[in-house]
$ cat work22.cif   # mmCIF, C-alpha atoms and all ligand atoms; chains and numbers go by the auth columns
data_upload
loop_
_atom_site.group_PDB
_atom_site.id
_atom_site.type_symbol
_atom_site.label_atom_id
_atom_site.label_comp_id
_atom_site.label_asym_id
_atom_site.label_seq_id
_atom_site.Cartn_x
_atom_site.Cartn_y
_atom_site.Cartn_z
_atom_site.B_iso_or_equiv
_atom_site.auth_seq_id
_atom_site.auth_asym_id
ATOM 1 C CA MET A 1 9.683 -14.147 -7.169 0.00 964 C
ATOM 2 C CA ASN A 2 9.993 -10.330 -7.476 0.00 965 C
ATOM 3 C CA ILE A 3 6.679 -8.842 -6.393 0.00 966 C
ATOM 4 C CA ALA A 4 6.052 -5.160 -7.144 0.00 967 C
ATOM 5 C CA ILE A 5 3.387 -3.389 -5.094 0.00 968 C
ATOM 6 C CA LEU A 6 1.922 -0.164 -6.515 0.00 969 C
ATOM 7 C CA GLY A 7 0.710 1.989 -3.629 0.00 970 C
ATOM 8 C CA GLY A 8 3.013 -0.013 -1.367 0.00 971 C
ATOM 9 C CA THR A 9 3.262 2.743 1.275 0.00 972 C
ATOM 10 C CA GLY A 10 -0.345 2.350 2.456 0.00 973 C
ATOM 11 C CA LYS A 11 -1.869 -0.326 4.669 0.00 974 C
ATOM 12 C CA GLU A 12 -2.708 -3.290 2.429 0.00 975 C
ATOM 13 C CA GLY A 13 0.494 -3.151 0.358 0.00 976 C
ATOM 14 C CA PRO A 14 2.989 -3.376 3.231 0.00 977 C
ATOM 15 C CA GLY A 15 0.876 -6.123 4.844 0.00 978 C
ATOM 16 C CA LEU A 16 1.062 -8.233 1.693 0.00 979 C
ATOM 17 C CA GLY A 17 4.746 -7.343 1.299 0.00 980 C
ATOM 18 C CA ALA A 18 5.548 -8.475 4.844 0.00 981 C
ATOM 19 C CA ARG A 19 3.823 -11.834 4.399 0.00 982 C
ATOM 20 C CA TRP A 20 5.491 -12.477 1.055 0.00 983 C
ATOM 21 C CA ALA A 21 8.918 -11.361 2.271 0.00 984 C
ATOM 22 C CA LEU A 22 8.613 -13.856 5.128 0.00 985 C
ATOM 23 C CA ALA A 23 7.707 -16.516 2.560 0.00 986 C
ATOM 24 C CA GLY A 24 10.983 -15.815 0.720 0.00 987 C
ATOM 25 C CA HIS A 25 9.852 -13.463 -2.064 0.00 988 C
ATOM 26 C CA SER A 26 11.584 -10.198 -3.023 0.00 989 C
ATOM 27 C CA ILE A 27 9.420 -7.125 -2.570 0.00 990 C
ATOM 28 C CA ILE A 28 9.477 -3.739 -4.291 0.00 991 C
ATOM 29 C CA LEU A 29 7.208 -1.154 -2.680 0.00 992 C
ATOM 30 C CA GLY A 30 5.993 1.580 -5.029 0.00 993 C
ATOM 31 C CA SER A 31 4.903 5.127 -4.325 0.00 994 C
ATOM 32 C CA ARG A 32 4.357 8.426 -6.091 0.00 995 C
ATOM 33 C CA ASP A 33 7.350 9.525 -4.027 0.00 996 C
ATOM 34 C CA ALA A 34 10.525 7.400 -4.140 0.00 997 C
ATOM 35 C CA GLU A 35 11.725 8.626 -0.740 0.00 998 C
ATOM 36 C CA ARG A 36 8.438 7.608 0.912 0.00 999 C
ATOM 37 C CA ALA A 37 8.773 4.162 -0.649 0.00 1000 C
ATOM 38 C CA ARG A 38 12.368 3.786 0.572 0.00 1001 C
ATOM 39 C CA THR A 39 11.352 4.784 4.110 0.00 1002 C
ATOM 40 C CA LYS A 40 8.491 2.261 4.121 0.00 1003 C
ATOM 41 C CA ALA A 41 10.790 -0.435 2.735 0.00 1004 C
ATOM 42 C CA ALA A 42 13.308 0.225 5.544 0.00 1005 C
ATOM 43 C CA GLU A 43 10.490 -0.095 8.132 0.00 1006 C
ATOM 44 C CA LEU A 44 9.390 -3.386 6.628 0.00 1007 C
ATOM 45 C CA ARG A 45 12.957 -4.762 6.524 0.00 1008 C
ATOM 46 C CA GLU A 46 13.251 -3.913 10.211 0.00 1009 C
ATOM 47 C CA ARG A 47 9.911 -5.543 11.075 0.00 1010 C
ATOM 48 C CA THR A 48 10.388 -8.734 9.086 0.00 1011 C
ATOM 49 C CA ARG A 49 14.190 -9.063 9.353 0.00 1012 C
ATOM 50 C CA LYS A 50 14.155 -9.762 5.627 0.00 1013 C
ATOM 51 C CA LEU A 51 16.528 -7.815 3.447 0.00 1014 C
ATOM 52 C CA ALA A 52 14.919 -8.278 0.038 0.00 1015 C
ATOM 53 C CA ILE A 53 12.526 -5.326 0.382 0.00 1016 C
ATOM 54 C CA ILE A 54 13.219 -2.104 -1.503 0.00 1017 C
ATOM 55 C CA GLY A 55 11.272 1.025 -2.429 0.00 1018 C
ATOM 56 C CA HIS A 56 10.955 2.966 -5.702 0.00 1019 C
ATOM 57 C CA THR A 57 8.548 5.107 -7.639 0.00 1020 C
ATOM 58 C CA ASN A 58 5.506 3.223 -8.921 0.00 1021 C
ATOM 59 C CA ALA A 59 6.940 3.321 -12.461 0.00 1022 C
ATOM 60 C CA GLU A 60 10.307 1.787 -11.477 0.00 1023 C
ATOM 61 C CA THR A 61 8.547 -0.693 -9.224 0.00 1024 C
ATOM 62 C CA ALA A 62 6.410 -2.040 -12.060 0.00 1025 C
ATOM 63 C CA GLU A 63 9.512 -2.318 -14.238 0.00 1026 C
ATOM 64 C CA LEU A 64 11.264 -4.509 -11.636 0.00 1027 C
ATOM 65 C CA GLY A 65 8.346 -6.767 -10.687 0.00 1028 C
ATOM 66 C CA GLN A 66 7.616 -10.175 -12.190 0.00 1029 C
ATOM 67 C CA VAL A 67 4.172 -9.939 -10.627 0.00 1030 C
ATOM 68 C CA ILE A 68 2.548 -6.538 -10.039 0.00 1031 C
ATOM 69 C CA VAL A 69 0.092 -5.900 -7.217 0.00 1032 C
ATOM 70 C CA ILE A 70 -2.230 -2.888 -7.360 0.00 1033 C
ATOM 71 C CA ALA A 71 -2.781 -1.693 -3.770 0.00 1034 C
ATOM 72 C CA LEU A 72 -4.024 1.772 -4.679 0.00 1035 C
ATOM 73 C CA PRO A 73 -7.279 3.497 -3.804 0.00 1036 C
ATOM 74 C CA ALA A 74 -9.788 3.125 -6.664 0.00 1037 C
ATOM 75 C CA LEU A 75 -9.427 6.847 -7.395 0.00 1038 C
ATOM 76 C CA GLY A 76 -5.712 6.367 -8.100 0.00 1039 C
ATOM 77 C CA LEU A 77 -6.079 3.874 -10.966 0.00 1040 C
ATOM 78 C CA ALA A 78 -6.662 6.336 -13.803 0.00 1041 C
ATOM 79 C CA SER A 79 -3.655 8.482 -12.876 0.00 1042 C
ATOM 80 C CA THR A 80 -1.220 5.664 -12.041 0.00 1043 C
ATOM 81 C CA LEU A 81 -1.817 2.752 -14.403 0.00 1044 C
ATOM 82 C CA PRO A 82 -1.126 4.539 -17.721 0.00 1045 C
ATOM 83 C CA GLN A 83 2.445 5.186 -16.462 0.00 1046 C
ATOM 84 C CA VAL A 84 3.070 1.458 -15.989 0.00 1047 C
ATOM 85 C CA ARG A 85 1.199 0.096 -19.007 0.00 1048 C
ATOM 86 C CA GLU A 86 4.241 -1.202 -20.880 0.00 1049 C
ATOM 87 C CA SER A 87 5.909 -2.657 -17.758 0.00 1050 C
ATOM 88 C CA CYS A 88 2.762 -4.649 -16.976 0.00 1051 C
ATOM 89 C CA ARG A 89 2.280 -6.117 -20.441 0.00 1052 C
ATOM 90 C CA ASP A 90 2.259 -9.950 -20.347 0.00 1053 C
ATOM 91 C CA LYS A 91 2.712 -9.944 -16.566 0.00 1054 C
ATOM 92 C CA VAL A 92 0.358 -11.159 -13.848 0.00 1055 C
ATOM 93 C CA VAL A 93 -1.274 -8.106 -12.243 0.00 1056 C
ATOM 94 C CA ILE A 94 -3.201 -8.596 -8.998 0.00 1057 C
ATOM 95 C CA SER A 95 -5.913 -6.054 -8.241 0.00 1058 C
ATOM 96 C CA THR A 96 -6.763 -5.751 -4.533 0.00 1059 C
ATOM 97 C CA VAL A 97 -8.723 -2.576 -5.227 0.00 1060 C
ATOM 98 C CA VAL A 98 -12.191 -1.938 -3.824 0.00 1061 C
ATOM 99 C CA ALA A 99 -14.101 1.283 -4.492 0.00 1062 C
ATOM 100 C CA LEU A 100 -15.073 1.883 -0.870 0.00 1063 C
ATOM 101 C CA SER A 101 -15.764 5.320 0.469 0.00 1064 C
ATOM 102 C CA PHE A 102 -16.247 5.715 4.201 0.00 1065 C
ATOM 103 C CA GLY A 103 -18.464 8.415 5.644 0.00 1066 C
ATOM 104 C CA GLY A 104 -20.607 9.014 2.528 0.00 1067 C
ATOM 105 C CA PRO A 105 -24.119 7.860 1.609 0.00 1068 C
ATOM 106 C CA ARG A 106 -22.851 4.627 -0.012 0.00 1069 C
ATOM 107 C CA LEU A 107 -20.013 2.479 1.268 0.00 1070 C
ATOM 108 C CA PHE A 108 -19.403 0.770 -2.096 0.00 1071 C
ATOM 109 C CA THR A 109 -20.025 2.166 -5.549 0.00 1072 C
ATOM 110 C CA PRO A 110 -19.209 -0.240 -8.410 0.00 1073 C
ATOM 111 C CA PRO A 111 -16.990 1.457 -11.011 0.00 1074 C
ATOM 112 C CA ALA A 112 -18.380 2.103 -14.491 0.00 1075 C
ATOM 113 C CA ALA A 113 -16.229 -0.761 -15.869 0.00 1076 C
ATOM 114 C CA GLY A 114 -18.119 -3.205 -13.596 0.00 1077 C
ATOM 115 C CA SER A 115 -15.263 -3.533 -11.120 0.00 1078 C
ATOM 116 C CA SER A 116 -11.936 -1.930 -10.289 0.00 1079 C
ATOM 117 C CA ALA A 117 -10.187 -5.032 -11.637 0.00 1080 C
ATOM 118 C CA GLU A 118 -11.917 -4.626 -15.016 0.00 1081 C
ATOM 119 C CA GLU A 119 -11.001 -0.933 -14.992 0.00 1082 C
ATOM 120 C CA ALA A 120 -7.387 -1.975 -14.365 0.00 1083 C
ATOM 121 C CA GLN A 121 -7.605 -4.457 -17.256 0.00 1084 C
ATOM 122 C CA GLN A 122 -8.876 -1.714 -19.570 0.00 1085 C
ATOM 123 C CA LEU A 123 -6.008 0.563 -18.528 0.00 1086 C
ATOM 124 C CA LEU A 124 -3.443 -2.255 -18.850 0.00 1087 C
ATOM 125 C CA PRO A 125 -4.035 -4.015 -22.172 0.00 1088 C
ATOM 126 C CA GLY A 126 -1.986 -7.201 -22.452 0.00 1089 C
ATOM 127 C CA ALA A 127 -1.643 -7.624 -18.678 0.00 1090 C
ATOM 128 C CA LYS A 128 -3.116 -10.730 -17.032 0.00 1091 C
ATOM 129 C CA VAL A 129 -5.280 -9.134 -14.376 0.00 1092 C
ATOM 130 C CA VAL A 130 -6.475 -11.269 -11.472 0.00 1093 C
ATOM 131 C CA ALA A 131 -8.749 -9.848 -8.764 0.00 1094 C
ATOM 132 C CA ALA A 132 -7.794 -11.117 -5.285 0.00 1095 C
ATOM 133 C CA PHE A 133 -6.972 -10.314 -1.631 0.00 1096 C
ATOM 134 C CA HIS A 134 -9.953 -7.952 -1.140 0.00 1097 C
ATOM 135 C CA HIS A 135 -11.119 -9.866 1.917 0.00 1098 C
ATOM 136 C CA ILE A 136 -7.746 -10.145 3.623 0.00 1099 C
ATOM 137 C CA ALA A 137 -7.571 -7.084 5.890 0.00 1100 C
ATOM 138 C CA ALA A 138 -4.380 -5.078 6.260 0.00 1101 C
ATOM 139 C CA HIS A 139 -4.222 -5.492 10.030 0.00 1102 C
ATOM 140 C CA GLU A 140 -4.507 -9.287 9.699 0.00 1103 C
ATOM 141 C CA LEU A 141 -1.691 -9.283 7.183 0.00 1104 C
ATOM 142 C CA ALA A 142 0.379 -7.163 9.557 0.00 1105 C
ATOM 143 C CA GLU A 143 0.063 -9.659 12.422 0.00 1106 C
ATOM 144 C CA THR A 144 2.619 -11.907 10.831 0.00 1107 C
ATOM 145 C CA ASP A 145 2.946 -14.201 13.846 0.00 1108 C
ATOM 146 C CA GLN A 146 -0.681 -15.317 13.351 0.00 1109 C
ATOM 147 C CA ALA A 147 -2.266 -17.407 10.602 0.00 1110 C
ATOM 148 C CA ILE A 148 -5.012 -15.736 8.553 0.00 1111 C
ATOM 149 C CA ASP A 149 -8.331 -17.517 9.041 0.00 1112 C
ATOM 150 C CA CYS A 150 -9.849 -16.767 5.638 0.00 1113 C
ATOM 151 C CA ASP A 151 -10.048 -18.178 2.114 0.00 1114 C
ATOM 152 C CA LEU A 152 -8.504 -16.351 -0.834 0.00 1115 C
ATOM 153 C CA LEU A 153 -11.204 -15.847 -3.464 0.00 1116 C
ATOM 154 C CA LEU A 154 -9.764 -14.886 -6.831 0.00 1117 C
ATOM 155 C CA CYS A 155 -11.032 -14.388 -10.362 0.00 1118 C
ATOM 156 C CA GLY A 156 -9.526 -13.646 -13.753 0.00 1119 C
ATOM 157 C CA ASP A 157 -9.502 -14.668 -17.400 0.00 1120 C
ATOM 158 C CA ASP A 158 -6.073 -16.334 -17.576 0.00 1121 C
ATOM 159 C CA ALA A 159 -5.818 -19.786 -15.969 0.00 1122 C
ATOM 160 C CA GLU A 160 -2.038 -19.691 -15.500 0.00 1123 C
ATOM 161 C CA ALA A 161 -2.196 -16.242 -13.933 0.00 1124 C
ATOM 162 C CA LYS A 162 -4.838 -17.479 -11.485 0.00 1125 C
ATOM 163 C CA GLN A 163 -2.614 -20.435 -10.630 0.00 1126 C
ATOM 164 C CA THR A 164 0.300 -18.063 -9.906 0.00 1127 C
ATOM 165 C CA VAL A 165 -1.903 -15.941 -7.629 0.00 1128 C
ATOM 166 C CA GLY A 166 -3.199 -19.073 -5.889 0.00 1129 C
ATOM 167 C CA GLU A 167 0.413 -20.109 -5.237 0.00 1130 C
ATOM 168 C CA LEU A 168 1.275 -16.659 -3.897 0.00 1131 C
ATOM 169 C CA GLY A 169 -1.720 -16.943 -1.560 0.00 1132 C
ATOM 170 C CA ALA A 170 -0.640 -20.428 -0.494 0.00 1133 C
ATOM 171 C CA SER A 171 2.828 -19.071 0.321 0.00 1134 C
ATOM 172 C CA MET A 172 1.163 -17.011 3.079 0.00 1135 C
ATOM 173 C CA GLY A 173 -1.031 -19.920 4.193 0.00 1136 C
ATOM 174 C CA LEU A 174 -4.263 -19.097 2.338 0.00 1137 C
ATOM 175 C CA ARG A 175 -6.470 -21.571 0.519 0.00 1138 C
ATOM 176 C CA GLY A 176 -7.110 -20.169 -2.959 0.00 1139 C
ATOM 177 C CA ILE A 177 -10.566 -20.559 -4.509 0.00 1140 C
ATOM 178 C CA ASP A 178 -11.088 -19.784 -8.181 0.00 1141 C
ATOM 179 C CA VAL A 179 -14.383 -17.918 -8.501 0.00 1142 C
ATOM 180 C CA GLY A 180 -14.364 -17.602 -12.266 0.00 1143 C
ATOM 181 C CA PRO A 181 -13.716 -14.935 -14.909 0.00 1144 C
ATOM 182 C CA LEU A 182 -12.759 -11.313 -14.339 0.00 1145 C
ATOM 183 C CA SER A 183 -16.401 -10.370 -14.961 0.00 1146 C
ATOM 184 C CA ASN A 184 -17.067 -11.788 -11.456 0.00 1147 C
ATOM 185 C CA ALA A 185 -14.784 -9.176 -9.892 0.00 1148 C
ATOM 186 C CA GLY A 186 -17.705 -6.801 -9.207 0.00 1149 C
ATOM 187 C CA PRO A 187 -19.449 -9.105 -6.700 0.00 1150 C
ATOM 188 C CA LEU A 188 -16.070 -10.163 -5.298 0.00 1151 C
ATOM 189 C CA GLU A 189 -15.101 -6.559 -4.582 0.00 1152 C
ATOM 190 C CA GLY A 190 -18.596 -5.733 -3.283 0.00 1153 C
ATOM 191 C CA ILE A 191 -18.447 -8.416 -0.575 0.00 1154 C
ATOM 192 C CA THR A 192 -15.733 -6.311 1.068 0.00 1155 C
ATOM 193 C CA ALA A 193 -18.401 -3.718 1.892 0.00 1156 C
ATOM 194 C CA LEU A 194 -20.378 -6.424 3.707 0.00 1157 C
ATOM 195 C CA LEU A 195 -17.332 -7.517 5.702 0.00 1158 C
ATOM 196 C CA ALA A 196 -16.561 -3.906 6.639 0.00 1159 C
ATOM 197 C CA THR A 197 -20.189 -3.447 7.749 0.00 1160 C
ATOM 198 C CA ILE A 198 -20.116 -6.668 9.796 0.00 1161 C
ATOM 199 C CA ASN A 199 -16.916 -5.497 11.486 0.00 1162 C
ATOM 200 C CA ARG A 200 -18.512 -2.180 12.384 0.00 1163 C
ATOM 201 C CA ARG A 201 -21.814 -3.669 13.551 0.00 1164 C
ATOM 202 C CA TYR A 202 -20.213 -6.355 15.720 0.00 1165 C
ATOM 203 C CA GLN A 203 -17.219 -4.255 16.764 0.00 1166 C
ATOM 204 C CA ARG A 204 -14.715 -6.639 15.289 0.00 1167 C
ATOM 205 C CA LYS A 205 -11.794 -6.201 12.929 0.00 1168 C
ATOM 206 C CA SER A 206 -11.474 -9.625 11.422 0.00 1169 C
ATOM 207 C CA ALA A 207 -14.686 -10.685 9.678 0.00 1170 C
ATOM 208 C CA GLY A 208 -13.559 -12.965 6.851 0.00 1171 C
ATOM 209 C CA LEU A 209 -14.870 -15.476 4.355 0.00 1172 C
ATOM 210 C CA LYS A 210 -14.565 -19.239 4.247 0.00 1173 C
ATOM 211 C CA ILE A 211 -16.290 -21.306 1.602 0.00 1174 C
ATOM 212 C CA THR A 212 -17.920 -24.500 2.863 0.00 1175 C
ATOM 213 C CA GLY A 213 -18.819 -27.593 0.903 0.00 1176 C
ATOM 214 C CA LEU A 214 -15.587 -27.883 -1.090 0.00 1177 C
HETATM 215 N N1 LIG B . -6.752 -1.638 4.044 0.00 1201 F
HETATM 216 C C1 LIG B . -7.322 -2.845 3.945 0.00 1201 F
HETATM 217 O O1 LIG B . -7.541 -3.563 4.957 0.00 1201 F
HETATM 218 C C2 LIG B . -7.683 -3.390 2.575 0.00 1201 F
HETATM 219 C C3 LIG B . -8.111 -4.729 2.475 0.00 1201 F
HETATM 220 C C4 LIG B . -8.403 -5.232 1.212 0.00 1201 F
HETATM 221 C C5 LIG B . -8.316 -4.427 0.084 0.00 1201 F
HETATM 222 N N2 LIG B . -7.932 -3.136 0.226 0.00 1201 F
HETATM 223 C C6 LIG B . -7.847 -2.309 -0.973 0.00 1201 F
HETATM 224 O O2 LIG B . -6.476 -2.149 -1.261 0.00 1201 F
HETATM 225 C C7 LIG B . -6.238 -0.845 -1.786 0.00 1201 F
HETATM 226 C C8 LIG B . -5.204 -0.174 -0.896 0.00 1201 F
HETATM 227 O O3 LIG B . -5.714 -0.052 0.398 0.00 1201 F
HETATM 228 P P1 LIG B . -4.952 0.792 1.533 0.00 1201 F
HETATM 229 O O4 LIG B . -5.812 0.750 2.729 0.00 1201 F
HETATM 230 O O5 LIG B . -3.528 0.365 1.606 0.00 1201 F
HETATM 231 O O6 LIG B . -5.035 2.261 0.857 0.00 1201 F
HETATM 232 P P2 LIG B . -4.325 3.612 1.228 0.00 1201 F
HETATM 233 O O7 LIG B . -3.461 3.417 2.426 0.00 1201 F
HETATM 234 O O8 LIG B . -5.384 4.660 1.296 0.00 1201 F
HETATM 235 O O9 LIG B . -3.469 3.939 -0.090 0.00 1201 F
HETATM 236 C C9 LIG B . -2.361 3.175 -0.490 0.00 1201 F
HETATM 237 C C10 LIG B . -1.332 4.074 -1.154 0.00 1201 F
HETATM 238 O O10 LIG B . -1.847 4.561 -2.391 0.00 1201 F
HETATM 239 C C11 LIG B . -1.229 5.809 -2.688 0.00 1201 F
HETATM 240 N N3 LIG B . -2.269 6.750 -3.096 0.00 1201 F
HETATM 241 C C12 LIG B . -3.214 7.335 -2.315 0.00 1201 F
HETATM 242 N N4 LIG B . -4.039 8.113 -3.055 0.00 1201 F
HETATM 243 C C13 LIG B . -3.590 8.019 -4.333 0.00 1201 F
HETATM 244 C C14 LIG B . -4.017 8.591 -5.571 0.00 1201 F
HETATM 245 N N5 LIG B . -5.075 9.408 -5.640 0.00 1201 F
HETATM 246 N N6 LIG B . -3.322 8.263 -6.682 0.00 1201 F
HETATM 247 C C15 LIG B . -2.249 7.425 -6.645 0.00 1201 F
HETATM 248 N N7 LIG B . -1.801 6.863 -5.490 0.00 1201 F
HETATM 249 C C16 LIG B . -2.471 7.147 -4.362 0.00 1201 F
HETATM 250 C C17 LIG B . -0.526 6.284 -1.422 0.00 1201 F
HETATM 251 O O11 LIG B . 0.874 6.106 -1.623 0.00 1201 F
HETATM 252 P P3 LIG B . 1.883 7.306 -2.008 0.00 1201 F
HETATM 253 O O12 LIG B . 1.267 8.567 -1.425 0.00 1201 F
HETATM 254 O O13 LIG B . 3.127 6.902 -1.311 0.00 1201 F
HETATM 255 O O14 LIG B . 1.942 7.291 -3.472 0.00 1201 F
HETATM 256 C C18 LIG B . -1.007 5.320 -0.356 0.00 1201 F
HETATM 257 O O15 LIG B . -0.025 5.054 0.622 0.00 1201 F
HETATM 258 C C19 LIG B . -7.589 -0.115 -1.778 0.00 1201 F
HETATM 259 O O16 LIG B . -8.173 -0.152 -3.045 0.00 1201 F
HETATM 260 C C20 LIG B . -8.408 -0.905 -0.774 0.00 1201 F
HETATM 261 O O17 LIG B . -9.798 -0.862 -1.045 0.00 1201 F
HETATM 262 C C21 LIG B . -7.596 -2.594 1.439 0.00 1201 F
#

$ encode --input "work22.cif" --output "structure tokens" --more "lines below"
Ligand SMILES: NC(=O)c1ccc[n+]([C@@H]2O[C@H](COP(=O)([O-])OP(=O)(O)OC[C@H]3O[C@@H](n4cnc5c(N)ncnc54)[C@H](OP(=O)(O)O)[C@@H]3O)[C@@H](O)[C@H]2O)c1
Amino acid sequence: MNIAILGGTGKEGPGLGARWALAGHSIILGSRDAERARTKAAELRERTRKLAIIGHTNAETAELGQVIVIALPALGLASTLPQVRESCRDKVVISTVVALSFGGPRLFTPPAAGSSAEEAQQLLPGAKVVAAFHHIAAHELAETDQAIDCDLLLCGDDAEAKQTVGELGASMGLRGIDVGPLSNAGPLEGITALLATINRRYQRKSAGLKITGL
């Protein structure tokens, strides 16, 4: 599958791209700057020894992807998503976005739309937005020789889109758990603030979530 990653030059995007490239998918890393995306794609090809990784502007990236991943800071949604609205129509769009802000009075501030995923859905009418991968940390994704010890919680309003995202998670070894409609994305995103706090308090990097009783 061709997977397009908006904001693919950061930390989370290349981590996801590396895992999916190793699972046999083709990756397009997006950026506001095409040259930056090409440089990051070359780094990732070198690291993974997989050739099907290229870089483009965010707009071209969304055009090429069958599935689009949003790996942008929450502040970047309003400026980026209107440019890719038509390319995302009818496609599965995965929002990894969490409105975290380090160093301020609040770590997590829920967006006015209820969640970043719902904000993305408002900005991308006709796209099938699924919220997922918030709890899978970039550094864990980057350690591609190690399995990720965490469940993949995902929510959205389109059953087939959720199935696709579950399969993409399974291709990197994650157990997918459907946690309901997109209106549950707020609590899903908010849990990330708890994991980040646990990591800080216990001086760890890898606090994750596993659902028991299933
Ligand atoms: N890092 C993690 O462990 C982790 C885990 C789970 C979820 N997430 C979520 O995933 C998203 C990406 O995380 P990240 O750590 O990869 O973020 P990041 O490194 O801060 O940003 C990713 C990319 O977004 C682009 N960008 C930055 N500011 C922008 C703006 N104002 N408008 C448009 N594009 C902008 C930059 O690419 P260009 O400058 O090349 O355009 C940057 O390389 C965030 O919402 C985060 O909460 C992160």

$ closest_residue --input "work22.cif" --among "C:Arg1164, C:His1019, C:Arg995, C:Arg1138" --to "Cys1113 in chain C" --atoms "all atoms listed in the file"
C:Arg1138

$ residues_near_ligand --input "work22.cif" --ligand "ligand LIG 1201 (chain F)" --cutoff "9 Å" --atoms "all atoms listed in the file" --output "mmCIF file with C-alpha atoms, keeping the file's coordinate frame"
data_model
loop_
_atom_site.group_PDB
_atom_site.id
_atom_site.type_symbol
_atom_site.label_atom_id
_atom_site.label_comp_id
_atom_site.auth_asym_id
_atom_site.auth_seq_id
_atom_site.Cartn_x
_atom_site.Cartn_y
_atom_site.Cartn_z
ATOM 1 C CA LEU C 969 1.922 -0.164 -6.515
ATOM 2 C CA GLY C 970 0.710 1.989 -3.629
ATOM 3 C CA GLY C 971 3.013 -0.013 -1.367
ATOM 4 C CA THR C 972 3.262 2.743 1.275
ATOM 5 C CA GLY C 973 -0.345 2.350 2.456
ATOM 6 C CA LYS C 974 -1.869 -0.326 4.669
ATOM 7 C CA GLU C 975 -2.708 -3.290 2.429
ATOM 8 C CA GLY C 976 0.494 -3.151 0.358
ATOM 9 C CA PRO C 977 2.989 -3.376 3.231
ATOM 10 C CA GLY C 978 0.876 -6.123 4.844
ATOM 11 C CA GLY C 993 5.993 1.580 -5.029
ATOM 12 C CA SER C 994 4.903 5.127 -4.325
ATOM 13 C CA ARG C 995 4.357 8.426 -6.091
ATOM 14 C CA ASP C 996 7.350 9.525 -4.027
ATOM 15 C CA ALA C 997 10.525 7.400 -4.140
ATOM 16 C CA GLU C 998 11.725 8.626 -0.740
ATOM 17 C CA ARG C 999 8.438 7.608 0.912
ATOM 18 C CA ALA C 1000 8.773 4.162 -0.649
ATOM 19 C CA LYS C 1003 8.491 2.261 4.121
ATOM 20 C CA THR C 1020 8.548 5.107 -7.639
ATOM 21 C CA ASN C 1021 5.506 3.223 -8.921
ATOM 22 C CA ILE C 1033 -2.230 -2.888 -7.360
ATOM 23 C CA ALA C 1034 -2.781 -1.693 -3.770
ATOM 24 C CA LEU C 1035 -4.024 1.772 -4.679
ATOM 25 C CA PRO C 1036 -7.279 3.497 -3.804
ATOM 26 C CA ALA C 1037 -9.788 3.125 -6.664
ATOM 27 C CA LEU C 1038 -9.427 6.847 -7.395
ATOM 28 C CA GLY C 1039 -5.712 6.367 -8.100
ATOM 29 C CA LEU C 1040 -6.079 3.874 -10.966
ATOM 30 C CA ALA C 1041 -6.662 6.336 -13.803
ATOM 31 C CA SER C 1042 -3.655 8.482 -12.876
ATOM 32 C CA THR C 1043 -1.220 5.664 -12.041
ATOM 33 C CA SER C 1058 -5.913 -6.054 -8.241
ATOM 34 C CA THR C 1059 -6.763 -5.751 -4.533
ATOM 35 C CA VAL C 1060 -8.723 -2.576 -5.227
ATOM 36 C CA VAL C 1061 -12.191 -1.938 -3.824
ATOM 37 C CA ALA C 1062 -14.101 1.283 -4.492
ATOM 38 C CA LEU C 1063 -15.073 1.883 -0.870
ATOM 39 C CA SER C 1064 -15.764 5.320 0.469
ATOM 40 C CA SER C 1079 -11.936 -1.930 -10.289
ATOM 41 C CA ALA C 1095 -7.794 -11.117 -5.285
ATOM 42 C CA PHE C 1096 -6.972 -10.314 -1.631
ATOM 43 C CA HIS C 1097 -9.953 -7.952 -1.140
ATOM 44 C CA HIS C 1098 -11.119 -9.866 1.917
ATOM 45 C CA ILE C 1099 -7.746 -10.145 3.623
ATOM 46 C CA ALA C 1100 -7.571 -7.084 5.890
ATOM 47 C CA ALA C 1101 -4.380 -5.078 6.260
ATOM 48 C CA HIS C 1102 -4.222 -5.492 10.030
ATOM 49 C CA GLU C 1103 -4.507 -9.287 9.699
ATOM 50 C CA LEU C 1104 -1.691 -9.283 7.183
ATOM 51 C CA GLU C 1152 -15.101 -6.559 -4.582
ATOM 52 C CA THR C 1155 -15.733 -6.311 1.068
#

$ closest_residue --input "work22.cif" --among "C:Ala967, C:Val1093, C:Met1135, C:Leu1172" --to "Thr1107 in chain C" --atoms "all atoms listed in the file"
C:Met1135

$ closest_residue --input "work22.cif" --among "C:Gly1028, C:Pro1144, C:Gly1067, C:Pro1088" --to "Arg1052 in chain C" --atoms "only C-alpha atoms"
C:Pro1088

$ closest_residue --input "work22.cif" --among "C:Glu1106, C:Glu1023, C:Asp1141, C:Glu1006" --to "Cys1118 in chain C" --atoms "only C-alpha atoms"
C:Asp1141

$ atom_distance --input "work22.cif" --atom1 "CA of Val1047 in chain C" --atom2 "CA of Ile1031 in chain C"
10.0 Å

$ closest_residue --input "work22.cif" --among "C:Leu1131, C:Ile991, C:Ile1174, C:Ile1057" --to "Leu1014 in chain C" --atoms "all atoms listed in the file"
C:Ile991

$ atom_distance --input "work22.cif" --atom1 "CA of Ala1025 in chain C" --atom2 "CA of Ile968 in chain C"
7.7 Å

$ closest_residue --input "work22.cif" --among "C:Ile966, C:Leu1115, C:Ala981, C:Ala1156" --to "Thr1024 in chain C" --atoms "only C-alpha atoms"
C:Ile966

$ atom_distance --input "work22.cif" --atom1 "CA of Lys1054 in chain C" --atom2 "CA of Gly1132 in chain C"
17.1 Å
